[in-house]
Amino acid sequence: MRIGVLALQGAFIEHIHKLQALGIDTFEIRQPADLQTTCDGLIIPGGESTVIGKLLVELQLLTPLKNAIQAGLPVLGTCAGLILLAKTISNATQPGINTMDIVTTRNGYGRQLGSFNTVATFAGEKIPMVFIRAPYIQKVGPQVEVLGQVEGRIIAARQANMLATAFHPELTDDPKVYQYFITMINQQNQRRVV
Ligand code: GLN
């Protein structure tokens, strides 16, 4: 299995280290040529979604990545990555991939109090979660499965090949989000073979 990590800005190296610890082959995506190899999944990291969005446009990565996701490439977006995947941002206008039927609120917990750690349920299991100026999901479309909530706000969701978390799984020692994503990829690969 080989997973590409968008490496334009933000916490991409931490994702790469987590994947490598799980024995997954990784590569960094920085330019369109990086997409010309086989790839089973994609991670869009946390960071600053306005910066990543602008770079995606400038480097001509936005359209090929959007096309690949729409064609079924499994993708995990964390924090800024969630914002980039969302079809709608309730409080900002900025370039994004816009494939996932969710409405998100950027800096949803306020700028000062926006960073906190907690333990909450993700896909039925309690895990530690790190939030850094995090968004939350305000609303989901009918195809979207809610995978986690903190204080009544949705912080993890899945729609078909797209998985999004408002927290940073790359900043804790718990591998469950990655394991969930790897299972998604394996199911997708099985479907491709059938
Ligand atoms: N607040 C950031 C944004 O809007 C996201 C923060 C993060 O990824 N840790 O892009």
# chains A, B, ... in the order shown; residues from 1 in each chain; ligands from 1

call {"tool": "closest_atom_pairs", "arguments": {"of": "chain A", "to": "ligand 1", "cutoff": "9 Å", "atoms": "only C-alpha atoms and all ligand atoms", "output": "tab-separated table"}}
result
residue	atom	partner	partner_atom_place_in_ligand_line	distance
A:Gly10	CA	ligand 1	8 (O)	7.3
A:Ala11	CA	ligand 1	8 (O)	8.0
A:Pro45	CA	ligand 1	8 (O)	7.0
A:Gly46	CA	ligand 1	8 (O)	3.4
A:Gly47	CA	ligand 1	8 (O)	3.9
A:Glu48	CA	ligand 1	10 (O)	3.5
A:Ser49	CA	ligand 1	10 (O)	3.4
A:Thr50	CA	ligand 1	10 (O)	5.9
A:Val51	CA	ligand 1	10 (O)	7.7
A:Ile52	CA	ligand 1	10 (O)	8.1
A:Thr78	CA	ligand 1	8 (O)	6.8
A:Cys79	CA	ligand 1	8 (O)	4.1
A:Ala80	CA	ligand 1	8 (O)	3.8
A:Gly81	CA	ligand 1	8 (O)	6.9
A:Leu82	CA	ligand 1	8 (O)	8.3
A:Ile83	CA	ligand 1	10 (O)	6.8
A:Leu84	CA	ligand 1	10 (O)	8.3
A:Thr105	CA	ligand 1	4 (O)	8.7
A:Arg106	CA	ligand 1	4 (O)	5.1
A:Asn107	CA	ligand 1	1 (N)	4.9
A:Gly108	CA	ligand 1	1 (N)	8.3
A:Arg111	CA	ligand 1	1 (N)	8.2
A:Gly114	CA	ligand 1	1 (N)	8.7
A:Ser115	CA	ligand 1	9 (N)	8.6
A:Phe131	CA	ligand 1	9 (N)	6.9
A:Ile132	CA	ligand 1	9 (N)	4.5
A:Arg133	CA	ligand 1	1 (N)	4.6
A:Ala134	CA	ligand 1	6 (C)	5.0
A:Pro135	CA	ligand 1	1 (N)	6.5
A:Ala166	CA	ligand 1	8 (O)	7.9
A:Phe167	CA	ligand 1	9 (N)	7.6
A:His168	CA	ligand 1	9 (N)	7.3

call {"tool": "write_last_selection", "arguments": {"atoms": "C-alpha atoms", "output": "compact mmCIF listing (two decimals), in the first residue's frame"}}
result
# COMPACT_ATOMS: atom_id res chain seq x y z
CA GLY A 10 1.52 22.23 7.64
CA ALA A 11 1.88 18.99 9.58
CA PRO A 45 -2.77 17.54 6.48
CA GLY A 46 -3.55 20.24 8.99
CA GLY A 47 -1.94 23.62 8.63
CA GLU A 48 -3.42 26.78 7.23
CA SER A 49 -6.20 25.98 4.78
CA THR A 50 -6.01 29.37 3.01
CA VAL A 51 -2.30 28.86 2.30
CA ILE A 52 -2.68 25.24 1.22
CA THR A 78 -7.27 16.46 8.97
CA CYS A 79 -8.13 19.91 10.35
CA ALA A 80 -7.17 22.26 7.48
CA GLY A 81 -7.53 19.15 5.29
CA LEU A 82 -11.16 18.83 6.46
CA ILE A 83 -11.74 22.47 5.52
CA LEU A 84 -10.25 21.87 2.07
CA THR A 105 -16.92 26.43 10.36
CA ARG A 106 -13.26 27.50 10.37
CA ASN A 107 -11.65 28.34 13.72
CA GLY A 108 -14.89 27.03 15.16
CA ARG A 111 -8.92 31.85 18.07
CA GLY A 114 -9.31 27.06 19.92
CA SER A 115 -6.59 24.63 21.01
CA PHE A 131 -7.52 20.28 18.42
CA ILE A 132 -5.51 23.28 17.16
CA ARG A 133 -7.56 26.27 15.98
CA ALA A 134 -9.84 23.56 14.73
CA PRO A 135 -12.89 23.67 12.53
CA ALA A 166 -11.23 18.21 12.86
CA PHE A 167 -8.49 16.93 15.21
CA HIS A 168 -4.89 15.89 14.52

call {"tool": "select_by_dssp", "arguments": {"residues": "segment 9-116 of chain A", "states": "strand (DSSP E)", "output": "ChimeraX atom specification"}}
result
/A:25-29,41-44,75-78,86-89,100-105,116

call {"tool": "residues_around", "arguments": {"residues": "segment 23-28 of chain A", "least_positions_apart": "4", "cutoff": "9 Å", "atoms": "only C-alpha atoms", "output": "list in words"}}
result
Met1, Arg2, Ile3, Gly4, Val5, Leu6, Ala7, Leu8, Phe12, Ile13, Ile16, Lys18, Leu19, Asp34 and Cys39 of chain A

call {"tool": "write_last_selection", "arguments": {"atoms": "C-alpha atoms", "output": "compact mmCIF listing (two decimals), in the first residue's frame"}}
result
# COMPACT_ATOMS: atom_id res chain seq x y z
CA MET A 1 0.00 0.00 0.00
CA ARG A 2 1.28 3.46 -0.93
CA ILE A 3 -0.14 6.70 0.42
CA GLY A 4 0.64 10.17 -0.89
CA VAL A 5 0.78 13.02 1.62
CA LEU A 6 0.16 16.57 0.39
CA ALA A 7 3.37 18.33 1.45
CA LEU A 8 2.83 22.00 0.60
CA PHE A 12 2.66 16.61 6.71
CA ILE A 13 5.88 15.10 8.10
CA ILE A 16 4.42 10.45 7.09
CA LYS A 18 2.81 7.71 11.56
CA LEU A 19 2.23 5.88 8.28
CA ASP A 34 4.33 13.58 -8.12
CA CYS A 39 -1.15 5.67 -5.15

call {"tool": "closest_atom_pairs", "arguments": {"of": "segment 81-105 of chain A", "to": "segment 138-161 of chain A", "cutoff": "10 Å", "atoms": "only C-alpha atoms", "output": "Markdown table"}}
result
| residue | atom | partner | partner_atom | distance |
| --- | --- | --- | --- | --- |
| A:Leu82 | CA | A:Ala156 | CA | 9.0 |
| A:Ala86 | CA | A:Val140 | CA | 9.8 |
| A:Thr88 | CA | A:Lys139 | CA | 9.6 |
| A:Ile89 | CA | A:Gln138 | CA | 9.3 |
| A:Ser90 | CA | A:Gln138 | CA | 8.3 |
| A:Thr99 | CA | A:Gln159 | CA | 9.6 |
| A:Met100 | CA | A:Gln159 | CA | 6.8 |
| A:Asp101 | CA | A:Gly141 | CA | 5.2 |
| A:Ile102 | CA | A:Val140 | CA | 4.5 |
| A:Val103 | CA | A:Lys139 | CA | 5.0 |
| A:Thr104 | CA | A:Gln138 | CA | 5.3 |
| A:Thr105 | CA | A:Gln138 | CA | 6.5 |

call {"tool": "closest_residue", "arguments": {"among": "A:Met162, A:Leu65, A:Ile44, A:Val130", "to": "Gln31 of chain A", "atoms": "only C-alpha atoms"}}
result
A:Leu65

call {"tool": "select_by_dssp", "arguments": {"residues": "segment 123-190 of chain A", "states": "helix (DSSP H, G or I)", "output": "PyMOL selection string"}}
result
chain A and resi 169-171+176-190

call {"tool": "atom_distance", "arguments": {"atom1": "atom CA of Glu170 of chain A", "atom2": "atom CA of His15 of chain A"}}
result
5.2 Å

call {"tool": "residues_around", "arguments": {"residues": "Gln179 of chain A", "least_positions_apart": "5", "cutoff": "10 Å", "atoms": "only C-alpha atoms", "output": "mmCIF file with N, CA and C atoms, in the first residue's frame"}}
result
data_model
loop_
_atom_site.group_PDB
_atom_site.id
_atom_site.type_symbol
_atom_site.label_atom_id
_atom_site.label_comp_id
_atom_site.auth_asym_id
_atom_site.auth_seq_id
_atom_site.Cartn_x
_atom_site.Cartn_y
_atom_site.Cartn_z
ATOM 1 N N LEU A 19 2.470 6.914 9.303
ATOM 2 C CA LEU A 19 2.229 5.882 8.283
ATOM 3 C C LEU A 19 3.408 4.919 8.220
ATOM 4 N N LEU A 22 3.459 2.352 10.741
ATOM 5 C CA LEU A 22 2.487 1.278 10.489
ATOM 6 C C LEU A 22 2.906 0.422 9.285
ATOM 7 N N ASP A 174 -2.146 7.330 19.233
ATOM 8 C CA ASP A 174 -3.211 6.374 18.921
ATOM 9 C C ASP A 174 -3.354 6.196 17.403
ATOM 10 N N MET A 184 -10.503 1.461 4.966
ATOM 11 C CA MET A 184 -11.225 2.077 3.839
ATOM 12 C C MET A 184 -10.512 1.797 2.520
ATOM 13 N N ILE A 185 -9.188 1.948 2.537
ATOM 14 C CA ILE A 185 -8.398 1.736 1.308
ATOM 15 C C ILE A 185 -8.488 0.272 0.882
#

call {"tool": "residues_around", "arguments": {"residues": "Tyr180 of chain A", "least_positions_apart": "5", "cutoff": "10 Å", "atoms": "only C-alpha atoms", "output": "list in words"}}
result
Phe122, Ala123, Leu163, Pro175, Ile185 and Asn186 of chain A

call {"tool": "write_last_selection", "arguments": {"atoms": "C-alpha atoms", "output": "short mmCIF file (atom, residue, chain, number, x, y, z; two decimals), in the first residue's frame"}}
result
data_model
loop_
_atom_site.label_atom_id
_atom_site.label_comp_id
_atom_site.auth_asym_id
_atom_site.auth_seq_id
_atom_site.Cartn_x
_atom_site.Cartn_y
_atom_site.Cartn_z
CA PHE A 122 -14.13 8.10 16.99
CA ALA A 123 -15.98 5.38 15.05
CA LEU A 163 -12.67 10.70 5.71
CA PRO A 175 -3.28 4.73 15.48
CA ILE A 185 -8.40 1.74 1.31
CA ASN A 186 -8.44 -2.06 1.51
#

call {"tool": "atom_distance", "arguments": {"atom1": "atom CA of Pro64 of chain A", "atom2": "atom CA of Asn189 of chain A"}}
result
20.2 Å

call {"tool": "closest_residue", "arguments": {"among": "A:Leu56, A:Leu61, A:Ala71, A:Leu76", "to": "Leu42 of chain A", "atoms": "only C-alpha atoms"}}
result
A:Leu76

call {"tool": "closest_residue", "arguments": {"among": "A:Ala33, A:Gly41, A:Gly124, A:Gln187", "to": "Gly77 of chain A", "atoms": "only C-alpha atoms"}}
result
A:Gly41
